[in-house]
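Source file: entry23.cif. Holds: mmCIF, C-alpha atoms.
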data_protein
loop_
_atom_site.group_PDB
_atom_site.id
_atom_site.type_symbol
_atom_site.label_atom_id
_atom_site.label_comp_id
_atom_site.auth_asym_id
_atom_site.auth_seq_id
_atom_site.Cartn_x
_atom_site.Cartn_y
_atom_site.Cartn_z
ATOM 1 C CA SER A 1 -21.586 8.644 21.197
ATOM 2 C CA THR A 2 -18.857 8.043 23.754
ATOM 3 C CA GLN A 3 -19.578 4.298 23.718
ATOM 4 C CA VAL A 4 -19.001 4.077 19.959
ATOM 5 C CA VAL A 5 -15.737 6.009 20.205
ATOM 6 C CA SER A 6 -14.561 3.735 23.025
ATOM 7 C CA TRP A 7 -15.547 0.602 21.051
ATOM 8 C CA MET A 8 -13.763 1.833 17.908
ATOM 9 C CA THR A 9 -10.644 2.764 19.890
ATOM 10 C CA LYS A 10 -10.492 -0.737 21.382
ATOM 11 C CA LEU A 11 -10.892 -2.321 17.940
ATOM 12 C CA PHE A 12 -7.847 -0.414 16.667
ATOM 13 C CA GLU A 13 -5.781 -0.981 19.838
ATOM 14 C CA ASN A 14 -6.475 -4.732 19.777
ATOM 15 C CA ARG A 15 -5.785 -4.940 16.025
ATOM 16 C CA ASN A 16 -9.283 -6.276 15.339
ATOM 17 C CA ILE A 17 -9.821 -4.063 12.298
ATOM 18 C CA LYS A 18 -8.602 -5.605 9.064
ATOM 19 C CA LYS A 19 -6.953 -3.013 6.821
ATOM 20 C CA LYS A 20 -6.038 -3.339 3.157
ATOM 21 C CA TYR A 21 -3.918 -0.900 1.224
ATOM 22 C CA TRP A 22 -3.157 -0.819 -2.472
ATOM 23 C CA ALA A 23 0.187 0.374 -3.768
ATOM 24 C CA VAL A 24 2.027 0.570 -7.047
ATOM 25 C CA THR A 25 5.651 -0.343 -6.434
ATOM 26 C CA VAL A 26 8.846 0.264 -8.376
ATOM 27 C CA GLY A 27 10.272 -3.206 -8.431
ATOM 28 C CA ILE A 28 8.399 -6.474 -8.272
ATOM 29 C CA PRO A 29 8.363 -8.609 -5.109
ATOM 30 C CA SER A 30 10.156 -11.924 -5.594
ATOM 31 C CA LYS A 31 7.173 -13.849 -4.168
ATOM 32 C CA THR A 32 3.552 -13.373 -5.213
ATOM 33 C CA VAL A 33 2.394 -13.619 -1.590
ATOM 34 C CA GLY A 34 4.560 -12.925 1.430
ATOM 35 C CA LYS A 35 4.980 -11.450 4.876
ATOM 36 C CA ILE A 36 7.518 -8.815 5.871
ATOM 37 C CA ASP A 37 8.776 -9.137 9.444
ATOM 38 C CA ILE A 38 11.182 -6.248 9.977
ATOM 39 C CA PRO A 39 11.253 -4.087 13.120
ATOM 40 C CA ILE A 40 10.604 -0.359 12.722
ATOM 41 C CA ASN A 41 12.448 2.268 14.782
ATOM 42 C CA VAL A 42 10.021 4.295 16.861
ATOM 43 C CA LYS A 43 11.338 7.036 19.166
ATOM 44 C CA ASN A 44 14.834 5.507 19.401
ATOM 45 C CA SER A 45 13.638 1.967 20.051
ATOM 46 C CA SER A 46 12.935 -0.923 17.732
ATOM 47 C CA LYS A 47 9.313 -2.142 17.583
ATOM 48 C CA GLU A 48 8.066 -5.290 15.872
ATOM 49 C CA ALA A 49 6.258 -4.686 12.605
ATOM 50 C CA PHE A 50 4.534 -7.147 10.277
ATOM 51 C CA THR A 51 3.112 -6.526 6.809
ATOM 52 C CA GLY A 52 1.460 -9.097 4.574
ATOM 53 C CA TYR A 53 1.463 -8.534 0.826
ATOM 54 C CA LYS A 54 -0.013 -10.005 -2.342
ATOM 55 C CA VAL A 55 0.946 -9.043 -5.899
ATOM 56 C CA LEU A 56 -2.279 -8.290 -7.771
ATOM 57 C CA ASP A 57 -0.557 -7.701 -11.122
ATOM 58 C CA LYS A 58 2.857 -6.804 -12.507
ATOM 59 C CA ASN A 59 4.376 -5.127 -15.538
ATOM 60 C CA LEU A 60 7.815 -6.606 -16.196
ATOM 61 C CA GLU A 61 8.599 -4.110 -18.975
ATOM 62 C CA ARG A 62 8.179 -1.119 -16.659
ATOM 63 C CA ASN A 63 9.308 -2.946 -13.479
ATOM 64 C CA LEU A 64 6.105 -1.998 -11.654
ATOM 65 C CA ALA A 65 3.815 -4.074 -9.436
ATOM 66 C CA TRP A 66 0.293 -3.510 -8.150
ATOM 67 C CA VAL A 67 0.382 -4.808 -4.591
ATOM 68 C CA GLU A 68 -2.162 -5.308 -1.821
ATOM 69 C CA LEU A 69 -0.638 -4.618 1.608
ATOM 70 C CA THR A 70 -2.139 -5.795 4.893
ATOM 71 C CA PRO A 71 -0.458 -4.341 7.974
ATOM 72 C CA GLU A 72 -0.674 -6.496 11.089
ATOM 73 C CA THR A 73 0.874 -3.779 13.232
ATOM 74 C CA GLY A 74 0.401 -0.051 12.952
ATOM 75 C CA ARG A 75 3.782 1.639 12.988
ATOM 76 C CA MET A 76 4.139 5.064 11.442
ATOM 77 C CA HIS A 77 5.271 4.759 7.800
ATOM 78 C CA GLN A 78 5.408 0.955 8.209
ATOM 79 C CA LEU A 79 4.176 0.133 4.701
ATOM 80 C CA ARG A 80 6.462 2.651 3.024
ATOM 81 C CA ALA A 81 9.491 1.506 5.042
ATOM 82 C CA HIS A 82 8.810 -2.214 4.573
ATOM 83 C CA CYS A 83 8.338 -1.954 0.810
ATOM 84 C CA SER A 84 11.505 0.113 0.441
ATOM 85 C CA ILE A 85 13.623 -2.180 2.634
ATOM 86 C CA GLU A 86 12.407 -5.217 0.682
ATOM 87 C CA GLY A 87 13.465 -3.642 -2.628
ATOM 88 C CA PHE A 88 10.105 -2.581 -4.063
ATOM 89 C CA PRO A 89 9.521 1.006 -2.885
ATOM 90 C CA ILE A 90 6.154 2.632 -3.452
ATOM 91 C CA LEU A 91 5.925 4.750 -6.598
ATOM 92 C CA GLY A 92 6.165 8.443 -5.725
ATOM 93 C CA ASP A 93 7.783 7.825 -2.331
ATOM 94 C CA GLY A 94 10.910 9.977 -2.517
ATOM 95 C CA ARG A 95 11.356 9.844 1.271
ATOM 96 C CA PHE A 96 11.694 6.068 1.655
ATOM 97 C CA GLY A 97 12.231 4.995 -1.939
ATOM 98 C CA GLY A 98 14.697 7.662 -3.020
ATOM 99 C CA ARG A 99 15.129 8.906 -6.546
ATOM 100 C CA THR A 100 14.195 5.605 -8.212
ATOM 101 C CA ALA A 101 10.712 5.680 -6.666
ATOM 102 C CA ARG A 102 10.126 9.375 -7.271
ATOM 103 C CA TYR A 103 9.398 9.129 -11.003
ATOM 104 C CA LYS A 104 6.975 7.043 -13.002
ATOM 105 C CA PRO A 105 9.020 4.935 -15.461
ATOM 106 C CA LYS A 106 8.317 5.852 -19.057
ATOM 107 C CA GLU A 107 7.047 3.381 -21.576
ATOM 108 C CA GLU A 108 9.506 2.149 -24.173
ATOM 109 C CA GLY A 109 9.807 4.565 -27.098
ATOM 110 C CA SER A 110 8.177 7.571 -25.401
ATOM 111 C CA ALA A 111 9.716 11.003 -25.863
ATOM 112 C CA SER A 112 12.226 12.310 -23.336
ATOM 113 C CA ASP A 113 11.081 14.963 -20.888
ATOM 114 C CA SER A 114 12.569 17.430 -18.396
ATOM 115 C CA SER A 115 13.166 14.762 -15.734
ATOM 116 C CA GLY A 116 16.261 13.515 -17.522
ATOM 117 C CA GLY A 117 14.541 10.591 -19.213
ATOM 118 C CA GLU A 118 13.154 9.108 -16.000
ATOM 119 C CA GLY A 119 9.529 9.881 -16.728
ATOM 120 C CA SER A 120 7.158 12.220 -14.924
ATOM 121 C CA ARG A 121 7.290 12.922 -11.192
ATOM 122 C CA ALA A 122 4.727 10.687 -9.532
ATOM 123 C CA PRO A 123 2.469 11.366 -6.556
ATOM 124 C CA LEU A 124 2.538 8.738 -3.803
ATOM 125 C CA HIS A 125 0.811 5.576 -5.048
ATOM 126 C CA LEU A 126 -0.420 4.258 -1.686
ATOM 127 C CA HIS A 127 -4.128 4.024 -0.953
ATOM 128 C CA SER A 128 -6.110 2.841 2.073
ATOM 129 C CA ARG A 129 -8.428 0.575 0.093
ATOM 130 C CA SER A 130 -10.633 -0.988 2.757
ATOM 131 C CA LEU A 131 -11.415 -1.536 6.422
ATOM 132 C CA VAL A 132 -13.348 -4.487 7.823
ATOM 133 C CA LEU A 133 -15.038 -3.715 11.130
ATOM 134 C CA PRO A 134 -16.218 -6.581 13.353
ATOM 135 C CA PHE A 135 -19.433 -5.871 15.263
ATOM 136 C CA PRO A 136 -20.358 -7.149 18.743
ATOM 137 C CA ASP A 137 -23.064 -9.425 17.267
ATOM 138 C CA GLY A 138 -20.426 -11.396 15.320
ATOM 139 C CA THR A 139 -21.083 -9.811 11.941
ATOM 140 C CA SER A 140 -18.655 -7.552 10.094
ATOM 141 C CA LYS A 141 -18.817 -4.877 7.425
ATOM 142 C CA GLU A 142 -16.253 -3.908 4.812
ATOM 143 C CA PHE A 143 -15.864 -0.251 3.866
ATOM 144 C CA VAL A 144 -14.157 0.283 0.494
ATOM 145 C CA ALA A 145 -12.693 3.612 -0.610
ATOM 146 C CA PRO A 146 -12.481 4.547 -4.297
ATOM 147 C CA LEU A 147 -9.030 4.938 -5.785
ATOM 148 C CA PRO A 148 -7.581 8.412 -6.210
ATOM 149 C CA ILE A 149 -7.553 9.340 -9.891
ATOM 150 C CA HIS A 150 -3.743 9.242 -10.230
ATOM 151 C CA MET A 151 -3.663 5.627 -9.024
ATOM 152 C CA GLU A 152 -6.643 4.579 -11.088
ATOM 153 C CA ASN A 153 -4.972 6.020 -14.195
ATOM 154 C CA THR A 154 -1.614 4.350 -13.444
ATOM 155 C CA ILE A 155 -3.245 0.970 -12.799
ATOM 156 C CA GLN A 156 -5.400 1.137 -15.941
ATOM 157 C CA GLU A 157 -2.449 2.263 -18.103
ATOM 158 C CA THR A 158 0.067 -0.173 -16.660
ATOM 159 C CA PHE A 159 -1.604 -3.433 -15.700
ATOM 160 C CA SER A 160 -3.760 -5.945 -17.549
ATOM 161 C CA LYS A 161 -6.305 -6.507 -14.783
ATOM 162 C CA ASN A 162 -9.304 -4.240 -14.511
ATOM 163 C CA VAL A 163 -9.453 -2.025 -11.401
ATOM 164 C CA THR A 164 -13.208 -2.440 -11.044
ATOM 165 C CA LYS A 165 -12.892 -6.243 -10.617
ATOM 166 C CA LYS A 166 -10.967 -5.904 -7.323
#
Write the structure described by the file as structure tokens, please.
Amino acid sequence: STQVVSWMTKLFENRNIKKKYWAVTVGIPSKTVGKIDIPINVKNSSKEAFTGYKVLDKNLERNLAWVELTPETGRMHQLRAHCSIEGFPILGDGRFGGRTARYKPKEEGSASDSSGGEGSRAPLHLHSRSLVLPFPDGTSKEFVAPLPIHMENTIQETFSKNVTKK
């Protein structure tokens, strides 16, 4: 109905919806929990942008981290830009992360391939994991999306924690 659409629009505009994203990053954040406060350029002007993050697991050998991202603002490409600027671009993000983020690092001792020893080309490892919607009666509901198969495989192959426990 029109009322529901209006209500949902206001929730997003007023930043009342809590969003969580999961990402696999090339590079490990220096802090386990942190907040990125870096403006993002939007249509030739700088707009404030805030992203919270928490490292869920890390693989020092492969220099990869499994990170939960919580945007407090909603700028286009905010998560990708923030992670890249902070030195831990999202795996598969050639646009913001450049060549180092484009390929999945190979495990020690694996055979060389056509990518010049960098490992296989990776799809973007950024996933909108959940939304929490507050309702007018004071209750809320969390909606959780399953991981895409490429991320599930990377997380299971790379990190010690089990995906299903999150």
Each range 57-152 of chain A residue no farther than 12 Å from range 29-53 of chain A, nearest pair in Å, all atoms listed in the file, as a Markdown table:
| residue | atom | partner | partner_atom | distance |
| --- | --- | --- | --- | --- |
| A:Asp57 | CA | A:Thr32 | CA | 9.2 |
| A:Lys58 | CA | A:Pro29 | CA | 9.4 |
| A:Asn59 | CA | A:Pro29 | CA | 11.7 |
| A:Leu60 | CA | A:Pro29 | CA | 11.3 |
| A:Asn63 | CA | A:Pro29 | CA | 10.1 |
| A:Leu64 | CA | A:Pro29 | CA | 9.6 |
| A:Ala65 | CA | A:Pro29 | CA | 7.7 |
| A:Trp66 | CA | A:Pro29 | CA | 10.0 |
| A:Val67 | CA | A:Tyr53 | CA | 6.7 |
| A:Glu68 | CA | A:Tyr53 | CA | 5.5 |
| A:Leu69 | CA | A:Tyr53 | CA | 4.5 |
| A:Thr70 | CA | A:Gly52 | CA | 4.9 |
| A:Pro71 | CA | A:Thr51 | CA | 4.3 |
| A:Glu72 | CA | A:Phe50 | CA | 5.3 |
| A:Thr73 | CA | A:Ala49 | CA | 5.5 |
| A:Gly74 | CA | A:Ala49 | CA | 7.5 |
| A:Arg75 | CA | A:Ala49 | CA | 6.8 |
| A:Met76 | CA | A:Val42 | CA | 8.0 |
| A:His77 | CA | A:Ile40 | CA | 8.9 |
| A:Gln78 | CA | A:Ile40 | CA | 7.0 |
| A:Leu79 | CA | A:Thr51 | CA | 7.1 |
| A:Arg80 | CA | A:Thr51 | CA | 10.5 |
| A:Ala81 | CA | A:Ile40 | CA | 8.0 |
| A:His82 | CA | A:Ile36 | CA | 6.9 |
| A:Cys83 | CA | A:Ile36 | CA | 8.6 |
| A:Ser84 | CA | A:Pro29 | CA | 10.8 |
| A:Ile85 | CA | A:Ile38 | CA | 8.7 |
| A:Glu86 | CA | A:Pro29 | CA | 7.8 |
| A:Gly87 | CA | A:Pro29 | CA | 7.5 |
| A:Phe88 | CA | A:Pro29 | CA | 6.4 |
| A:Pro89 | CA | A:Pro29 | CA | 9.9 |
| A:Ile90 | CA | A:Pro29 | CA | 11.6 |
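Put simply, CA of Val55 in chain A is 11.6 Å away from CA of Phe159 in chain A.
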May I have a table of the residues of range 15-121 of chain A lying at most 12 Å from range 137-155 of chain A, giving each one's closest pair of atoms and their distance in Å to one decimal, counting only C-alpha atoms, ordered by chain and ascending residue number, as a tab-separated table?
residue	atom	partner	partner_atom	distance
A:Asn16	CA	A:Ser140	CA	10.8
A:Ile17	CA	A:Ser140	CA	9.8
A:Lys18	CA	A:Glu142	CA	8.9
A:Lys19	CA	A:Glu142	CA	9.6
A:Lys20	CA	A:Val144	CA	9.3
A:Tyr21	CA	A:Ala145	CA	10.0
A:Trp22	CA	A:Leu147	CA	8.9
A:Ala23	CA	A:Met151	CA	8.4
A:Val24	CA	A:Ile155	CA	7.8
A:Thr25	CA	A:Ile155	CA	11.0
A:Leu56	CA	A:Ile155	CA	10.6
A:Asp57	CA	A:Ile155	CA	9.2
A:Lys58	CA	A:Ile155	CA	9.9
A:Asn59	CA	A:Ile155	CA	10.1
A:Arg62	CA	A:Thr154	CA	11.7
A:Leu64	CA	A:Ile155	CA	9.9
A:Ala65	CA	A:Ile155	CA	9.3
A:Trp66	CA	A:Ile155	CA	7.4
A:Val67	CA	A:Ile155	CA	10.7
A:Ile90	CA	A:Met151	CA	11.7
A:Leu91	CA	A:Met151	CA	9.9
A:Gly92	CA	A:Met151	CA	10.7
A:Lys104	CA	A:Thr154	CA	9.0
A:Pro105	CA	A:Thr154	CA	10.8
A:Lys106	CA	A:Thr154	CA	11.5
A:Glu107	CA	A:Thr154	CA	11.9
A:Ser120	CA	A:Thr154	CA	11.9
A:Arg121	CA	A:His150	CA	11.7
First collect every listed atom of range 140-149 of chain A; then fit an axis-aligned box around them, widen it by 8 Å on each side, and give centre and edge lengths in Å to one decimal, as lines of an AutoDock Vina configuration file.
center_x = -13.2
center_y = 0.9
center_z = 0.1
size_x = 27.3
size_y = 32.9
size_z = 36.0
request  = State, in Å with one decimal place, the distance from CA of Thr2 in chain A to CA of Ser130 in chain A.
outcome  =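 CA of Thr2 in chain A sits 24.3 Å away from CA of Ser130 in chain A.
We find CA of Gly98 in chain A and CA of Val26 in chain A to be spaced 10.8 Å apart.
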inquiry  = Just checking: using only C-alpha atoms, which residue out of A:Ser160, A:Ala101, A:Pro134, A:Ala122 ends up closest to Arg15 in chain A?
reply    =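 Looking at the shortest contact to Arg15 in chain A, the residue is A:Pro134.
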File output, range 7-135 of chain A (C-alpha atoms) as an mmCIF file, in the first residue's frame:
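Dumped to selection-v8.cif:
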data_model
loop_
_atom_site.group_PDB
_atom_site.id
_atom_site.type_symbol
_atom_site.label_atom_id
_atom_site.label_comp_id
_atom_site.auth_asym_id
_atom_site.auth_seq_id
_atom_site.Cartn_x
_atom_site.Cartn_y
_atom_site.Cartn_z
ATOM 1 C CA TRP A 7 6.653 4.490 6.062
ATOM 2 C CA MET A 8 9.557 2.525 4.550
ATOM 3 C CA THR A 9 10.835 5.599 2.695
ATOM 4 C CA LYS A 10 10.870 7.598 5.936
ATOM 5 C CA LEU A 11 12.732 4.809 7.744
ATOM 6 C CA PHE A 12 15.513 4.925 5.140
ATOM 7 C CA GLU A 13 15.597 8.747 4.951
ATOM 8 C CA ASN A 14 15.834 9.060 8.746
ATOM 9 C CA ARG A 15 18.470 6.302 8.948
ATOM 10 C CA ASN A 16 16.264 4.201 11.231
ATOM 11 C CA ILE A 17 17.018 0.952 9.411
ATOM 12 C CA LYS A 18 20.079 -0.846 10.722
ATOM 13 C CA LYS A 19 22.106 -2.385 7.894
ATOM 14 C CA LYS A 20 24.903 -4.932 8.143
ATOM 15 C CA TYR A 21 27.178 -5.940 5.317
ATOM 16 C CA TRP A 22 29.782 -8.671 5.220
ATOM 17 C CA ALA A 23 32.966 -8.283 3.219
ATOM 18 C CA VAL A 24 36.201 -10.136 2.693
ATOM 19 C CA THR A 25 39.011 -7.602 2.537
ATOM 20 C CA VAL A 26 42.543 -7.720 1.174
ATOM 21 C CA GLY A 27 44.447 -6.378 4.115
ATOM 22 C CA ILE A 28 43.505 -6.573 7.759
ATOM 23 C CA PRO A 29 42.201 -3.529 9.656
ATOM 24 C CA SER A 30 44.605 -2.389 12.368
ATOM 25 C CA LYS A 31 41.796 -2.343 14.966
ATOM 26 C CA THR A 32 39.312 -5.155 15.560
ATOM 27 C CA VAL A 33 36.456 -2.657 15.930
ATOM 28 C CA GLY A 34 36.446 0.848 14.511
ATOM 29 C CA LYS A 35 34.620 3.671 12.803
ATOM 30 C CA ILE A 36 35.610 5.295 9.522
ATOM 31 C CA ASP A 37 34.767 8.995 9.301
ATOM 32 C CA ILE A 38 35.847 10.115 5.836
ATOM 33 C CA PRO A 39 33.760 12.376 3.581
ATOM 34 C CA ILE A 40 32.682 10.999 0.203
ATOM 35 C CA ASN A 41 32.531 13.163 -2.933
ATOM 36 C CA VAL A 42 29.010 13.285 -4.317
ATOM 37 C CA LYS A 43 28.274 15.366 -7.429
ATOM 38 C CA ASN A 44 31.311 17.635 -6.938
ATOM 39 C CA SER A 45 30.710 18.249 -3.244
ATOM 40 C CA SER A 46 31.985 16.497 -0.157
ATOM 41 C CA LYS A 47 29.363 14.761 2.019
ATOM 42 C CA GLU A 48 29.919 13.292 5.473
ATOM 43 C CA ALA A 49 30.090 9.515 5.560
ATOM 44 C CA PHE A 50 30.450 7.154 8.517
ATOM 45 C CA THR A 51 31.039 3.401 8.491
ATOM 46 C CA GLY A 52 31.430 1.175 11.529
ATOM 47 C CA TYR A 53 33.346 -2.075 11.182
ATOM 48 C CA LYS A 54 34.160 -5.204 13.164
ATOM 49 C CA VAL A 55 36.670 -7.885 12.158
ATOM 50 C CA LEU A 56 34.900 -11.241 12.421
ATOM 51 C CA ASP A 57 37.997 -13.289 11.553
ATOM 52 C CA LYS A 58 41.347 -12.885 9.822
ATOM 53 C CA ASN A 59 43.882 -14.976 7.949
ATOM 54 C CA LEU A 60 47.346 -13.495 8.455
ATOM 55 C CA GLU A 61 48.977 -15.905 5.986
ATOM 56 C CA ARG A 62 46.768 -14.747 3.112
ATOM 57 C CA ASN A 63 46.341 -11.154 4.390
ATOM 58 C CA LEU A 64 42.547 -11.434 4.270
ATOM 59 C CA ALA A 65 39.905 -10.343 6.780
ATOM 60 C CA TRP A 66 36.221 -11.164 7.143
ATOM 61 C CA VAL A 67 34.633 -7.885 8.182
ATOM 62 C CA GLU A 68 31.162 -6.759 9.220
ATOM 63 C CA LEU A 69 30.407 -3.238 7.961
ATOM 64 C CA THR A 70 27.646 -1.020 9.336
ATOM 65 C CA PRO A 71 27.050 2.143 7.318
ATOM 66 C CA GLU A 72 25.629 5.059 9.287
ATOM 67 C CA THR A 73 25.174 7.126 6.142
ATOM 68 C CA GLY A 74 24.175 5.938 2.708
ATOM 69 C CA ARG A 75 26.566 7.366 0.152
ATOM 70 C CA MET A 76 26.991 5.596 -3.155
ATOM 71 C CA HIS A 77 29.948 3.174 -2.987
ATOM 72 C CA GLN A 78 30.619 4.314 0.605
ATOM 73 C CA LEU A 79 31.682 0.901 1.915
ATOM 74 C CA ARG A 80 33.937 0.175 -1.046
ATOM 75 C CA ALA A 81 35.550 3.630 -0.886
ATOM 76 C CA HIS A 82 36.011 3.601 2.897
ATOM 77 C CA CYS A 83 37.611 0.154 2.971
ATOM 78 C CA SER A 84 39.968 1.060 0.132
ATOM 79 C CA ILE A 85 40.978 4.418 1.637
ATOM 80 C CA GLU A 86 41.667 2.742 4.988
ATOM 81 C CA GLY A 87 43.998 0.201 3.354
ATOM 82 C CA PHE A 88 41.818 -2.917 3.336
ATOM 83 C CA PRO A 89 39.968 -2.912 -0.007
ATOM 84 C CA ILE A 90 37.196 -5.412 -0.610
ATOM 85 C CA LEU A 91 38.278 -8.573 -2.418
ATOM 86 C CA GLY A 92 37.243 -8.425 -6.074
ATOM 87 C CA ASP A 93 36.852 -4.635 -6.101
ATOM 88 C CA GLY A 94 39.060 -3.611 -9.020
ATOM 89 C CA ARG A 95 37.401 -0.179 -9.209
ATOM 90 C CA PHE A 96 38.243 1.038 -5.698
ATOM 91 C CA GLY A 97 40.846 -1.500 -4.631
ATOM 92 C CA GLY A 98 42.896 -1.662 -7.816
ATOM 93 C CA ARG A 99 44.902 -4.639 -8.947
ATOM 94 C CA THR A 100 45.719 -5.881 -5.436
ATOM 95 C CA ALA A 101 42.027 -6.372 -4.627
ATOM 96 C CA ARG A 102 41.119 -7.884 -7.981
ATOM 97 C CA TYR A 103 42.596 -11.339 -7.352
ATOM 98 C CA LYS A 104 42.131 -13.851 -4.579
ATOM 99 C CA PRO A 105 45.562 -14.471 -2.993
ATOM 100 C CA LYS A 106 46.748 -18.022 -3.495
ATOM 101 C CA GLU A 107 47.584 -20.310 -0.643
ATOM 102 C CA GLU A 108 51.247 -21.002 -0.005
ATOM 103 C CA GLY A 109 52.580 -23.765 -2.256
ATOM 104 C CA SER A 110 49.716 -23.746 -4.780
ATOM 105 C CA ALA A 111 50.517 -24.006 -8.475
ATOM 106 C CA SER A 112 50.926 -20.858 -10.550
ATOM 107 C CA ASP A 113 48.123 -19.894 -12.908
ATOM 108 C CA SER A 114 47.481 -17.516 -15.814
ATOM 109 C CA SER A 115 47.074 -14.468 -13.555
ATOM 110 C CA GLY A 116 50.821 -14.155 -13.120
ATOM 111 C CA GLY A 117 50.934 -15.890 -9.752
ATOM 112 C CA GLU A 118 48.368 -13.617 -8.111
ATOM 113 C CA GLY A 119 45.648 -16.220 -7.816
ATOM 114 C CA SER A 120 42.259 -16.361 -9.500
ATOM 115 C CA ARG A 121 40.202 -13.296 -10.402
ATOM 116 C CA ALA A 122 37.671 -12.782 -7.636
ATOM 117 C CA PRO A 123 34.080 -11.563 -7.818
ATOM 118 C CA LEU A 124 33.185 -8.715 -5.455
ATOM 119 C CA HIS A 125 33.100 -10.034 -1.880
ATOM 120 C CA LEU A 126 30.546 -7.587 -0.449
ATOM 121 C CA HIS A 127 27.174 -8.816 0.761
ATOM 122 C CA SER A 128 24.163 -7.059 2.287
ATOM 123 C CA ARG A 129 23.810 -9.467 5.203
ATOM 124 C CA SER A 130 20.890 -8.056 7.174
ATOM 125 C CA LEU A 131 18.381 -5.274 7.727
ATOM 126 C CA VAL A 132 16.652 -4.518 11.020
ATOM 127 C CA LEU A 133 13.325 -2.751 10.576
ATOM 128 C CA PRO A 134 11.747 -0.938 13.537
ATOM 129 C CA PHE A 135 7.946 -1.108 13.644
#
